[in-house]
>>> print(open('run-v7.pdb').read())   # PDB, C-alpha atoms
ATOM      1  CA  MET T1340     107.818 106.483  84.430
ATOM      2  CA  GLY T1341     105.643 103.434  84.710
ATOM      3  CA  GLY T1342     105.476 102.545  81.003
ATOM      4  CA  THR T1343     108.052 100.976  78.745
ATOM      5  CA  GLY T1344     108.295 104.052  76.532
ATOM      6  CA  MET T1345     112.050 104.522  76.350
ATOM      7  CA  GLY T1346     113.705 106.229  73.425
ATOM      8  CA  GLY T1347     114.314 104.024  70.369
ATOM      9  CA  THR T1348     117.776 102.511  70.019
ATOM     10  CA  GLY T1349     119.860 101.804  67.007
ATOM     11  CA  GLY T1350     121.235  98.459  65.927
ATOM     12  CA  GLU T1351     119.947  95.576  63.898
ATOM     13  CA  GLY T1352     116.865  93.939  65.393
ATOM     14  CA  THR T1353     115.785  90.332  65.472
ATOM     15  CA  GLY T1354     113.000  88.692  63.595
ATOM     16  CA  GLY T1355     110.835  87.513  66.440
ATOM     17  CA  ASP T1356     108.662  84.406  66.335
ATOM     18  CA  GLY T1357     105.453  82.987  67.704
ATOM     19  CA  ASP T1358     106.791  79.593  68.780
ATOM     20  CA  GLY T1359     109.719  80.154  71.143
ATOM     21  CA  PRO T1360     109.635  81.086  74.837
ATOM     22  CA  ALA T1361     108.037  84.371  75.845
ATOM     23  CA  ILE T1362     111.176  85.160  77.867
ATOM     24  CA  GLU T1363     114.587  83.693  77.149
ATOM     25  CA  LEU T1364     117.765  84.597  79.036
ATOM     26  CA  ALA T1365     121.111  83.065  78.095
ATOM     27  CA  ALA T1366     124.168  83.713  80.314
ATOM     28  CA  LEU T1367     122.705  87.131  81.176
ATOM     29  CA  SER T1368     125.125  89.224  83.232
ATOM     30  CA  LYS T1369     125.173  92.800  84.453
ATOM     31  CA  TYR T1370     128.184  94.256  86.234
ATOM     32  CA  TYR T1371     128.511  97.509  88.153
ATOM     33  CA  GLY T1372     132.267  97.975  88.033
ATOM     34  CA  ARG T1373     133.655  94.749  89.448
ATOM     35  CA  LYS T1374     130.456  93.872  91.287
ATOM     36  CA  ALA T1375     128.018  91.518  89.607
ATOM     37  CA  GLY T1376     124.382  92.550  89.820
ATOM     38  CA  ILE T1377     123.422  89.348  87.977
ATOM     39  CA  ASP T1378     125.783  86.646  86.831
ATOM     40  CA  HIS T1379     125.122  84.185  83.970
ATOM     41  CA  LEU T1380     121.362  83.783  84.349
ATOM     42  CA  ASP T1381     119.801  81.160  82.087
ATOM     43  CA  LEU T1382     116.017  81.081  82.096
ATOM     44  CA  ALA T1383     113.109  80.312  79.775
ATOM     45  CA  VAL T1384     109.485  81.237  80.457
ATOM     46  CA  GLY T1385     106.902  79.652  78.204
ATOM     47  CA  ARG T1386     104.067  81.514  76.546
ATOM     48  CA  GLY T1387     100.932  81.523  78.629
ATOM     49  CA  GLU T1388     102.749  81.080  81.956
ATOM     50  CA  VAL T1389     102.302  83.109  85.117
ATOM     51  CA  PHE T1390     105.863  82.797  86.357
ATOM     52  CA  GLY T1391     107.231  83.875  89.741
ATOM     53  CA  PHE T1392     110.610  85.567  90.131
ATOM     54  CA  LEU T1393     111.790  85.432  93.741
ATOM     55  CA  GLY T1394     114.745  86.426  95.855
ATOM     56  CA  PRO T1395     115.722  88.511  98.891
ATOM     57  CA  ASN T1396     116.636  92.176  98.666
ATOM     58  CA  GLY T1397     119.833  92.583  96.679
ATOM     59  CA  ALA T1398     119.439  89.245  94.902
ATOM     60  CA  GLY T1399     119.350  90.827  91.440
ATOM     61  CA  LYS T1400     115.630  90.742  90.691
ATOM     62  CA  THR T1401     115.272  94.432  89.838
ATOM     63  CA  THR T1402     118.472  94.447  87.771
ATOM     64  CA  THR T1403     117.178  91.469  85.788
ATOM     65  CA  ILE T1404     113.818  93.106  85.200
ATOM     66  CA  ARG T1405     115.378  96.385  84.079
ATOM     67  CA  CYS T1406     117.504  94.464  81.589
ATOM     68  CA  LEU T1407     114.400  92.624  80.409
ATOM     69  CA  VAL T1408     112.473  95.771  79.567
ATOM     70  CA  GLY T1409     115.449  97.601  78.056
ATOM     71  CA  LEU T1410     116.118 100.079  80.859
ATOM     72  CA  LEU T1411     119.589  98.602  81.392
ATOM     73  CA  ARG T1412     122.002  97.201  78.841
ATOM     74  CA  PRO T1413     123.410  93.818  79.866
ATOM     75  CA  SER T1414     127.168  93.499  80.266
ATOM     76  CA  ALA T1415     127.038  90.082  78.603
ATOM     77  CA  GLY T1416     124.585  87.432  77.507
ATOM     78  CA  ARG T1417     121.380  87.412  75.514
ATOM     79  CA  ILE T1418     117.752  88.427  76.116
ATOM     80  CA  ARG T1419     114.757  87.681  73.945
ATOM     81  CA  LEU T1420     111.200  88.731  74.736
ATOM     82  CA  LEU T1421     108.659  87.248  72.320
ATOM     83  CA  GLY T1422     111.664  86.509  70.119
ATOM     84  CA  LEU T1423     112.808  90.150  70.103
ATOM     85  CA  ASP T1424     115.716  92.041  71.609
ATOM     86  CA  PRO T1425     114.388  94.556  74.194
ATOM     87  CA  VAL T1426     116.891  97.241  73.122
ATOM     88  CA  ALA T1427     117.395  96.773  69.379
ATOM     89  CA  ASP T1428     113.727  95.883  68.789
ATOM     90  CA  HIS T1429     112.190  98.288  71.279
ATOM     91  CA  ARG T1430     109.779  99.930  68.824
ATOM     92  CA  ARG T1431     108.377  96.564  67.766
ATOM     93  CA  LEU T1432     108.273  95.155  71.276
ATOM     94  CA  ALA T1433     106.752  98.095  73.179
ATOM     95  CA  PRO T1434     103.142  97.592  71.958
ATOM     96  CA  ARG T1435     103.333  93.934  73.019
ATOM     97  CA  LEU T1436     104.860  94.508  76.458
ATOM     98  CA  GLY T1437     103.361  95.777  79.709
ATOM     99  CA  TYR T1438     105.545  96.806  82.641
ATOM    100  CA  LEU T1439     104.887  97.888  86.214
ATOM    101  CA  PRO T1440     108.117  98.892  88.002
ATOM    102  CA  GLY T1441     108.671  98.265  91.682
ATOM    103  CA  GLU T1442     109.233 101.980  92.259
ATOM    104  CA  LEU T1443     106.498 103.651  90.243
ATOM    105  CA  ARG T1444     107.255 107.288  89.418
ATOM    106  CA  LEU T1445     104.592 109.415  87.763
ATOM    107  CA  TYR T1446     104.316 113.083  86.797
ATOM    108  CA  PRO T1447     102.581 114.604  89.847
ATOM    109  CA  GLU T1448     100.982 117.483  87.927
ATOM    110  CA  LEU T1449      99.219 115.241  85.382
ATOM    111  CA  THR T1450      95.749 113.903  86.025
ATOM    112  CA  GLY T1451      95.136 110.180  86.046
ATOM    113  CA  THR T1452      93.488 110.393  82.632
ATOM    114  CA  ARG T1453      96.386 112.313  81.077
ATOM    115  CA  THR T1454      98.867 109.909  82.659
ATOM    116  CA  LEU T1455      97.162 106.890  81.122
ATOM    117  CA  LYS T1456      96.935 108.601  77.739
ATOM    118  CA  LEU T1457     100.607 109.591  77.802
ATOM    119  CA  LEU T1458     101.756 106.091  78.717
ATOM    120  CA  GLY T1459      99.419 104.553  76.161
ATOM    121  CA  ASP T1460     100.853 106.841  73.475
ATOM    122  CA  LEU T1461     104.386 105.802  74.473
ATOM    123  CA  GLN T1462     103.382 102.177  73.967
ATOM    124  CA  ASP T1463     102.242 103.156  70.462
ATOM    125  CA  ALA T1464      99.256 100.834  70.799
ATOM    126  CA  PRO T1465      95.480 101.129  71.206
ATOM    127  CA  THR T1466      94.217 100.900  74.793
ATOM    128  CA  PRO T1467      91.000  98.882  74.538
ATOM    129  CA  ARG T1468      90.975  97.809  78.196
ATOM    130  CA  ARG T1469      91.486 101.188  79.869
ATOM    131  CA  GLY T1470      87.874 101.824  80.863
ATOM    132  CA  GLU T1471      87.228  98.249  82.001
ATOM    133  CA  LEU T1472      90.382  98.137  84.134
ATOM    134  CA  CYS T1473      89.698 101.499  85.783
ATOM    135  CA  GLU T1474      86.206 100.330  86.685
ATOM    136  CA  ARG T1475      87.337  96.975  88.043
ATOM    137  CA  LEU T1476      90.182  98.462  90.071
ATOM    138  CA  GLY T1477      87.985 101.226  91.487
ATOM    139  CA  LEU T1478      89.404 104.304  89.759
ATOM    140  CA  THR T1479      86.391 106.555  89.271
ATOM    141  CA  ALA T1480      85.979 109.381  86.768
ATOM    142  CA  GLY T1481      86.494 111.774  89.665
ATOM    143  CA  ASP T1482      89.721 110.049  90.662
ATOM    144  CA  LEU T1483      91.033 110.191  87.105
ATOM    145  CA  ALA T1484      90.279 113.915  86.850
ATOM    146  CA  ARG T1485      92.514 114.691  89.836
ATOM    147  CA  PRO T1486      96.287 115.322  89.609
ATOM    148  CA  VAL T1487      98.421 112.351  90.582
ATOM    149  CA  ARG T1488     100.049 114.333  93.414
ATOM    150  CA  GLU T1489      96.731 113.987  95.287
ATOM    151  CA  TYR T1490      96.678 110.196  94.933
ATOM    152  CA  SER T1491      97.293 107.792  97.784
ATOM    153  CA  ARG T1492      99.894 105.079  97.352
ATOM    154  CA  GLY T1493      97.177 102.548  96.587
ATOM    155  CA  MET T1494      95.604 104.772  93.917
ATOM    156  CA  LYS T1495      98.980 105.264  92.240
ATOM    157  CA  GLN T1496      99.498 101.515  92.226
ATOM    158  CA  LYS T1497      96.086 100.977  90.628
ATOM    159  CA  LEU T1498      96.972 103.543  87.972
ATOM    160  CA  GLY T1499     100.231 101.686  87.386
ATOM    161  CA  LEU T1500      98.382  98.405  86.893
ATOM    162  CA  VAL T1501      95.990 100.009  84.414
ATOM    163  CA  GLN T1502      98.851 101.438  82.335
ATOM    164  CA  ALA T1503     100.600  98.041  82.302
ATOM    165  CA  LEU T1504      97.497  96.214  81.067
ATOM    166  CA  GLN T1505      95.418  98.776  79.163
ATOM    167  CA  HIS T1506      96.847  97.851  75.741
ATOM    168  CA  ASP T1507      96.213  94.111  76.349
ATOM    169  CA  PRO T1508      99.895  93.131  75.991
ATOM    170  CA  GLU T1509     101.110  89.623  75.200
ATOM    171  CA  LEU T1510     103.770  89.802  77.922
ATOM    172  CA  VAL T1511     103.462  91.591  81.263
ATOM    173  CA  VAL T1512     106.324  92.181  83.720
ATOM    174  CA  LEU T1513     105.113  93.110  87.194
ATOM    175  CA  ASP T1514     107.487  94.100  90.012
ATOM    176  CA  GLU T1515     105.797  94.043  93.447
ATOM    177  CA  PRO T1516     102.355  94.706  91.911
ATOM    178  CA  THR T1517     100.231  94.486  95.081
ATOM    179  CA  GLU T1518     102.162  97.091  97.095
ATOM    180  CA  GLY T1519      99.639  99.454  98.676
ATOM    181  CA  LEU T1520      96.537  97.627  97.415
ATOM    182  CA  ASP T1521      93.767  96.816  99.861
ATOM    183  CA  PRO T1522      92.558  93.182 100.097
ATOM    184  CA  LEU T1523      89.516  93.700  97.854
ATOM    185  CA  VAL T1524      91.613  95.217  95.070
ATOM    186  CA  GLN T1525      94.141  92.408  95.491
ATOM    187  CA  GLU T1526      91.350  89.936  94.713
ATOM    188  CA  VAL T1527      90.618  91.822  91.504
ATOM    189  CA  PHE T1528      94.320  91.695  90.663
ATOM    190  CA  PHE T1529      94.452  87.913  91.054
ATOM    191  CA  ALA T1530      91.367  87.575  88.880
ATOM    192  CA  LEU T1531      93.140  89.622  86.199
ATOM    193  CA  LEU T1532      96.166  87.329  86.409
ATOM    194  CA  ASP T1533      93.985  84.265  86.003
ATOM    195  CA  GLU T1534      92.218  85.797  83.020
ATOM    196  CA  ALA T1535      95.580  86.675  81.449
ATOM    197  CA  ARG T1536      96.781  83.094  81.830
ATOM    198  CA  ARG T1537      93.584  81.667  80.323
ATOM    199  CA  ALA T1538      93.887  84.106  77.407
ATOM    200  CA  GLY T1539      97.413  82.832  76.666
ATOM    201  CA  ARG T1540      99.196  85.924  77.962
ATOM    202  CA  THR T1541     102.525  85.583  79.794
ATOM    203  CA  VAL T1542     103.156  87.228  83.159
ATOM    204  CA  LEU T1543     106.451  87.548  85.023
ATOM    205  CA  LEU T1544     105.575  88.305  88.641
ATOM    206  CA  SER T1545     108.305  89.484  90.991
ATOM    207  CA  SER T1546     107.142  89.703  94.596
ATOM    208  CA  HIS T1547     108.430  89.276  98.128
ATOM    209  CA  VAL T1548     104.937  88.177  99.267
ATOM    210  CA  LEU T1549     105.376  84.434  98.868
ATOM    211  CA  PRO T1550     101.746  83.374  99.459
ATOM    212  CA  GLU T1551     100.783  85.618  96.519
ATOM    213  CA  VAL T1552     103.294  83.882  94.275
ATOM    214  CA  GLN T1553     102.120  80.484  95.497
ATOM    215  CA  ARG T1554      98.562  81.416  94.638
ATOM    216  CA  ALA T1555      99.214  82.861  91.199
ATOM    217  CA  CYS T1556     102.205  81.079  89.672
ATOM    218  CA  GLY T1557     102.768  77.656  88.201
ATOM    219  CA  ARG T1558     106.574  77.883  88.295
ATOM    220  CA  VAL T1559     109.095  80.049  90.103
ATOM    221  CA  ALA T1560     112.749  80.984  89.741
ATOM    222  CA  LEU T1561     114.774  81.638  92.872
ATOM    223  CA  VAL T1562     117.757  84.003  92.662
ATOM    224  CA  ARG T1563     120.380  84.761  95.250
ATOM    225  CA  ALA T1564     123.411  87.074  95.059
ATOM    226  CA  GLY T1565     122.833  87.528  91.332
ATOM    227  CA  ARG T1566     122.775  83.813  90.526
ATOM    228  CA  LEU T1567     119.960  81.442  89.716
ATOM    229  CA  VAL T1568     119.417  79.015  92.605
ATOM    230  CA  ALA T1569     116.577  76.917  91.176
ATOM    231  CA  VAL T1570     113.627  76.832  88.812
ATOM    232  CA  ARG T1571     110.768  74.713  90.099
ATOM    233  CA  ALA T1572     107.082  74.077  89.692
ATOM    234  CA  VAL T1573     105.408  75.500  92.809
ATOM    235  CA  SER T1574     103.769  72.141  93.510
ATOM    236  CA  ALA T1575     107.099  70.273  93.211
ATOM    237  CA  LEU T1576     108.924  72.828  95.347
ATOM    238  CA  ARG T1577     106.417  72.388  98.130
ATOM    239  CA  GLU T1578     106.450  68.595  97.894
ATOM    240  CA  GLU T1579     110.210  68.195  97.922
ATOM    241  CA  ARG T1580     110.911  70.622 100.735
ATOM    242  CA  ALA T1581     110.344  70.334 104.456
ATOM    243  CA  ARG T1582     107.043  69.638 106.185
ATOM    244  CA  ARG T1583     105.769  71.744 109.083
ATOM    245  CA  VAL T1584     105.608  69.575 112.210
ATOM    246  CA  ARG T1585     103.965  70.964 115.341
ATOM    247  CA  LEU T1586     104.347  69.235 118.710
ATOM    248  CA  VAL T1587     102.674  70.241 121.986
ATOM    249  CA  LEU T1588     104.364  68.781 125.067
ATOM    250  CA  SER T1589     102.497  67.862 128.229
ATOM    251  CA  ASP T1590     105.135  68.220 130.993
ATOM    252  CA  GLY T1591     105.126  72.032 131.218
ATOM    253  CA  LEU T1592     108.924  72.302 131.043
ATOM    254  CA  GLY T1593     108.990  74.409 127.912
ATOM    255  CA  SER T1594     111.894  74.599 125.473
ATOM    256  CA  ARG T1595     114.758  72.107 125.639
ATOM    257  CA  GLY T1596     117.402  70.470 123.482
ATOM    258  CA  LEU T1597     116.002  68.118 120.858
ATOM    259  CA  GLY T1598     119.108  66.151 119.951
ATOM    260  CA  ARG T1599     119.256  65.393 116.222
ATOM    261  CA  ALA T1600     116.017  67.344 115.706
ATOM    262  CA  GLN T1601     117.850  70.614 116.476
ATOM    263  CA  ARG T1602     118.841  70.695 112.790
ATOM    264  CA  TRP T1603     115.172  71.139 111.845
ATOM    265  CA  SER T1604     115.016  74.806 112.910
ATOM    266  CA  PRO T1605     112.923  74.453 116.082
ATOM    267  CA  GLN T1606     110.800  77.410 117.108
ATOM    268  CA  TRP T1607     109.457  77.278 120.646
ATOM    269  CA  HIS T1608     106.246  78.903 121.887
ATOM    270  CA  GLY T1609     105.884  77.833 125.501
ATOM    271  CA  ASP T1610     105.288  74.059 125.423
ATOM    272  CA  GLU T1611     104.793  74.049 121.660
ATOM    273  CA  VAL T1612     107.625  73.505 119.185
ATOM    274  CA  ARG T1613     107.460  73.867 115.420
ATOM    275  CA  LEU T1614     109.908  72.117 113.117
ATOM    276  CA  LEU T1615     110.689  71.974 109.392
ATOM    277  CA  VAL T1616     111.362  68.297 108.666
ATOM    278  CA  PRO T1617     112.592  67.053 105.260
ATOM    279  CA  PRO T1618     110.087  64.625 103.701
ATOM    280  CA  ASP T1619     112.564  61.731 103.576
ATOM    281  CA  GLU T1620     113.152  62.068 107.331
ATOM    282  CA  LEU T1621     109.567  62.681 108.337
ATOM    283  CA  VAL T1622     108.399  59.228 109.458
ATOM    284  CA  ARG T1623     111.585  58.249 111.288
ATOM    285  CA  GLY T1624     112.161  61.696 112.745
ATOM    286  CA  VAL T1625     108.658  62.159 114.116
ATOM    287  CA  GLY T1626     108.747  58.604 115.468
ATOM    288  CA  GLU T1627     111.920  59.366 117.387
ATOM    289  CA  LEU T1628     110.394  62.522 118.847
ATOM    290  CA  LEU T1629     107.243  60.683 119.906
ATOM    291  CA  ALA T1630     109.377  58.066 121.649
ATOM    292  CA  ALA T1631     111.580  60.626 123.422
ATOM    293  CA  LEU T1632     109.126  63.393 124.396
ATOM    294  CA  PRO T1633     105.810  63.636 126.272
ATOM    295  CA  VAL T1634     103.777  64.661 123.217
ATOM    296  CA  ALA T1635     100.186  65.703 123.932
ATOM    297  CA  ASP T1636      99.342  66.853 120.398
ATOM    298  CA  LEU T1637     100.892  66.501 116.956
ATOM    299  CA  SER T1638     100.154  67.966 113.529
ATOM    300  CA  VAL T1639     101.968  67.671 110.199
ATOM    301  CA  GLU T1640     101.255  70.091 107.348
ATOM    302  CA  GLU T1641     102.556  70.612 103.850
ATOM    303  CA  ALA T1642     105.059  73.440 103.808
ATOM    304  CA  GLY T1643     103.981  76.654 102.172
ATOM    305  CA  LEU T1644     106.142  78.343  99.579
ATOM    306  CA  ASP T1645     107.671  80.571 102.238
ATOM    307  CA  GLU T1646     109.023  77.600 104.232
ATOM    308  CA  ALA T1647     110.113  75.826 101.057
ATOM    309  CA  PHE T1648     111.880  78.970  99.883
ATOM    310  CA  LEU T1649     113.742  79.476 103.179
ATOM    311  CA  ASP T1650     114.630  75.795 103.412
ATOM    312  CA  LEU T1651     116.073  75.791  99.902
ATOM    313  CA  TYR T1652     118.068  78.956 100.636
ATOM    314  CA  ARG T1653     119.455  77.451 103.838
ATOM    315  CA  GLN T1654     120.534  74.347 101.977
ATOM    316  CA  GLU T1655     122.095  76.341  99.114
ATOM    317  CA  GLY T1656     123.909  78.566 101.628
ATOM    318  CA  ALA T1657     125.289  75.550 103.482
ATOM    319  CA  GLN T1658     126.536  74.036 100.222
ATOM    320  CA  ALA T1659     128.217  77.328  99.282
ATOM    321  CA  ALA T1660     129.926  77.442 102.693
ATOM    322  CA  GLU T1661     131.227  73.893 102.188
ATOM    323  CA  VAL T1662     132.689  74.859  98.813
ATOM    324  CA  ARG T1663     134.440  77.901 100.312
ATOM    325  CA  SER T1664     135.911  75.834 103.149
TER     326      SER T1664
END
>>> encode(input="run-v7.pdb", output="C-alpha cells")
Amino acid sequence: MGGTGMGGTGGEGTGGDGDGPAIELAALSKYYGRKAGIDHLDLAVGRGEVFGFLGPNGAGKTTTIRCLVGLLRPSAGRIRLLGLDPVADHRRLAPRLGYLPGELRLYPELTGTRTLKLLGDLQDAPTPRRGELCERLGLTAGDLARPVREYSRGMKQKLGLVQALQHDPELVVLDEPTEGLDPLVQEVFFALLDEARRAGRTVLLSSHVLPEVQRACGRVALVRAGRLVAVRAVSALREERARRVRLVLSDGLGSRGLGRAQRWSPQWHGDEVRLLVPPDELVRGVGELLAALPVADLSVEEAGLDEAFLDLYRQEGAQAAEVRS
C-alpha cells in the first residue's frame, strides 16, 4: 500500500521533541543473512530541509527508506523521525508522516476516492489538502470515481502523491516521486516541494533523476554498496567537483590520445572532445591542451549534479581499490 498504515507494534516508545533533527540515523544497519543491505549509516536531516538521497541501483536507498518508515526492522543502530521511533512510536508518528513508495501498490478494485479515504484513515489524521491536491495534480471527480485498475501509471502516481500529502504531514518521504508524471505535472510537484520547504516541512527525496534533485534539494547524501559516501550541499558538491570542458579541434583528424588529459574521461564526438577536469587542475590543464592541440573552439561550464555525482563515485571507487590492493 502507498500509506504508512502498518499495524501498531509493541515496545516502549520515545518522547519525541520539536528541536532535534527531523531524521536522525545512528549506525543504522540492515543485514539479509550475511549480506549487508545498509551498513552503519549516520545521517541527520534538519527540519525544514528538502534533502536528496542518492545512489545507484542496489546501493541501499530502498532498504534505508523502508527502515525509516517502519516497514523493516533494522538489524542494528538507531532511527528517530521527529524524535520518535518509527516502530515503537508508529501510532504517534503516522499522522505526522507522509510516504510515497518507489513501487506503489494499490487495491485495483477501489476507486480513487475510496483509496484516498482508506489511506487517510490509516494515517489517523484529517485530510485537509485532499481536494486542493487532486485539483492541482489534475485528478478530476470523474477520475476519482473510477476503479484504480483503470488508471494509467501517471494517474496512479498522482494518487500516490495525494495520499502522501493530503494530511499535511510534517515529514514526507518520497521514493522516485516523478515516475510516470508528464512535464506539466512535474512542475506542479516541484511547486509543492517549494511550498513544503517554505512552510517548514521536511522532505526526503530519493530519485535517480539527478537534475530533479539538483533543482529541489539543498543537500544530498550519496550512498554506495550500503555505505554513506558523502553528505554535501548541492552547491558545494558542484563547486568542488569537475568542470565540463568542451574542445572543438580544427584539423579534422578526430579522436586521438590526449596524454595526461586521458584521466579526465574524454568523450569524443567527431572533432569535439568533452572532458571532466577537476577545478584545481583547470587552468593548467586547459592551458596545456591549448598549447598542444589545434583548438578552434573552447567552452568551460560548471558541472551539473550528474557529473559531480559520477566523478565522486569514480574517486571513491578508486580509493576503495587502493585499499583492497
>>> residues_around(input="run-v7.pdb", residues="Leu1513 (chain T)", least_positions_apart="4", cutoff="10 Å", atoms="all atoms listed in the file", output="number ranges by chain")
T: 1391-1392, 1404, 1437-1441, 1499-1500, 1503, 1517, 1542-1546
>>> write_last_selection(input="run-v7.pdb", atoms="C-alpha atoms", output="PDB file, in the frame of the given file")
ATOM      1  CA  GLY T1391     107.231  83.875  89.741  1.00  0.00           C
ATOM      2  CA  PHE T1392     110.610  85.567  90.131  1.00  0.00           C
ATOM      3  CA  ILE T1404     113.818  93.106  85.200  1.00  0.00           C
ATOM      4  CA  GLY T1437     103.361  95.777  79.709  1.00  0.00           C
ATOM      5  CA  TYR T1438     105.545  96.806  82.641  1.00  0.00           C
ATOM      6  CA  LEU T1439     104.887  97.888  86.214  1.00  0.00           C
ATOM      7  CA  PRO T1440     108.117  98.892  88.002  1.00  0.00           C
ATOM      8  CA  GLY T1441     108.671  98.265  91.682  1.00  0.00           C
ATOM      9  CA  GLY T1499     100.231 101.686  87.386  1.00  0.00           C
ATOM     10  CA  LEU T1500      98.382  98.405  86.893  1.00  0.00           C
ATOM     11  CA  ALA T1503     100.600  98.041  82.302  1.00  0.00           C
ATOM     12  CA  THR T1517     100.231  94.486  95.081  1.00  0.00           C
ATOM     13  CA  VAL T1542     103.156  87.228  83.159  1.00  0.00           C
ATOM     14  CA  LEU T1543     106.451  87.548  85.023  1.00  0.00           C
ATOM     15  CA  LEU T1544     105.575  88.305  88.641  1.00  0.00           C
ATOM     16  CA  SER T1545     108.305  89.484  90.991  1.00  0.00           C
ATOM     17  CA  SER T1546     107.142  89.703  94.596  1.00  0.00           C
TER      18      SER T1546
END
>>> atom_distance(input="run-v7.pdb", atom1="CA of Gly1557 (chain T)", atom2="CA of Gly1399 (chain T)")
21.4 Å
>>> closest_residue(input="run-v7.pdb", among="T:Val1616, T:Ile1377, T:Ala1383, T:Ala1635", to="Glu1578 (chain T)", atoms="all atoms listed in the file")
T:Val1616
>>> closest_residue(input="run-v7.pdb", among="T:Arg1417, T:Arg1585, T:Arg1468, T:Arg1599", to="Leu1637 (chain T)", atoms="all atoms listed in the file")
T:Arg1585
>>> resolve_selection(input="run-v7.pdb", expression="the PyMOL selection byres ((chain T and resi 1560) around 12)", output="number ranges by chain")
T: 1380-1384, 1389-1394, 1398-1400, 1543-1546, 1552, 1556-1559, 1561-1563, 1566-1573, 1576, 1648, 1651
>>> closest_residue(input="run-v7.pdb", among="T:Gly1451, T:Pro1617, T:Gly1372, T:Gly1397", to="Arg1469 (chain T)", atoms="only C-alpha atoms")
T:Gly1451
>>> resolve_selection(input="run-v7.pdb", expression="the PyMOL selection byres ((chain T and resi 1610) around 7)", output="PDB file with C-alpha atoms, in the coordinates of the input")
ATOM      1  CA  VAL T1587     102.674  70.241 121.986  1.00  0.00           C
ATOM      2  CA  LEU T1588     104.364  68.781 125.067  1.00  0.00           C
ATOM      3  CA  GLY T1591     105.126  72.032 131.218  1.00  0.00           C
ATOM      4  CA  LEU T1592     108.924  72.302 131.043  1.00  0.00           C
ATOM      5  CA  GLY T1593     108.990  74.409 127.912  1.00  0.00           C
ATOM      6  CA  SER T1594     111.894  74.599 125.473  1.00  0.00           C
ATOM      7  CA  HIS T1608     106.246  78.903 121.887  1.00  0.00           C
ATOM      8  CA  GLY T1609     105.884  77.833 125.501  1.00  0.00           C
ATOM      9  CA  GLU T1611     104.793  74.049 121.660  1.00  0.00           C
ATOM     10  CA  VAL T1612     107.625  73.505 119.185  1.00  0.00           C
TER      11      VAL T1612
END
>>> closest_residue(input="run-v7.pdb", among="T:Leu1445, T:Cys1473, T:Leu1621, T:Leu1411", to="Lys1495 (chain T)", atoms="all atoms listed in the file")
T:Leu1445
>>> decode(input="run-v7.pdb", residues="region 1436-1452 of chain T", atoms="C-alpha atoms", output="short mmCIF file (atom, residue, chain, number, x, y, z; two decimals), in the first residue's frame")
data_model
loop_
_atom_site.label_atom_id
_atom_site.label_comp_id
_atom_site.auth_asym_id
_atom_site.auth_seq_id
_atom_site.Cartn_x
_atom_site.Cartn_y
_atom_site.Cartn_z
CA LEU T 1436 4.47 11.27 8.29
CA GLY T 1437 3.75 11.04 4.57
CA TYR T 1438 5.25 8.28 2.42
CA LEU T 1439 5.26 7.50 -1.29
CA PRO T 1440 7.00 4.17 -2.02
CA GLY T 1441 9.02 3.59 -5.15
CA GLU T 1442 6.79 0.66 -6.08
CA LEU T 1443 3.28 1.91 -5.40
CA ARG T 1444 0.75 -0.89 -4.95
CA LEU T 1445 -2.93 -0.05 -4.64
CA TYR T 1446 -6.13 -2.09 -4.42
CA PRO T 1447 -7.24 -2.27 -8.07
CA GLU T 1448 -10.95 -2.67 -7.28
CA LEU T 1449 -11.17 0.50 -5.15
CA THR T 1450 -11.98 3.85 -6.71
CA GLY T 1451 -9.57 6.73 -6.35
CA THR T 1452 -11.83 8.35 -3.76
#
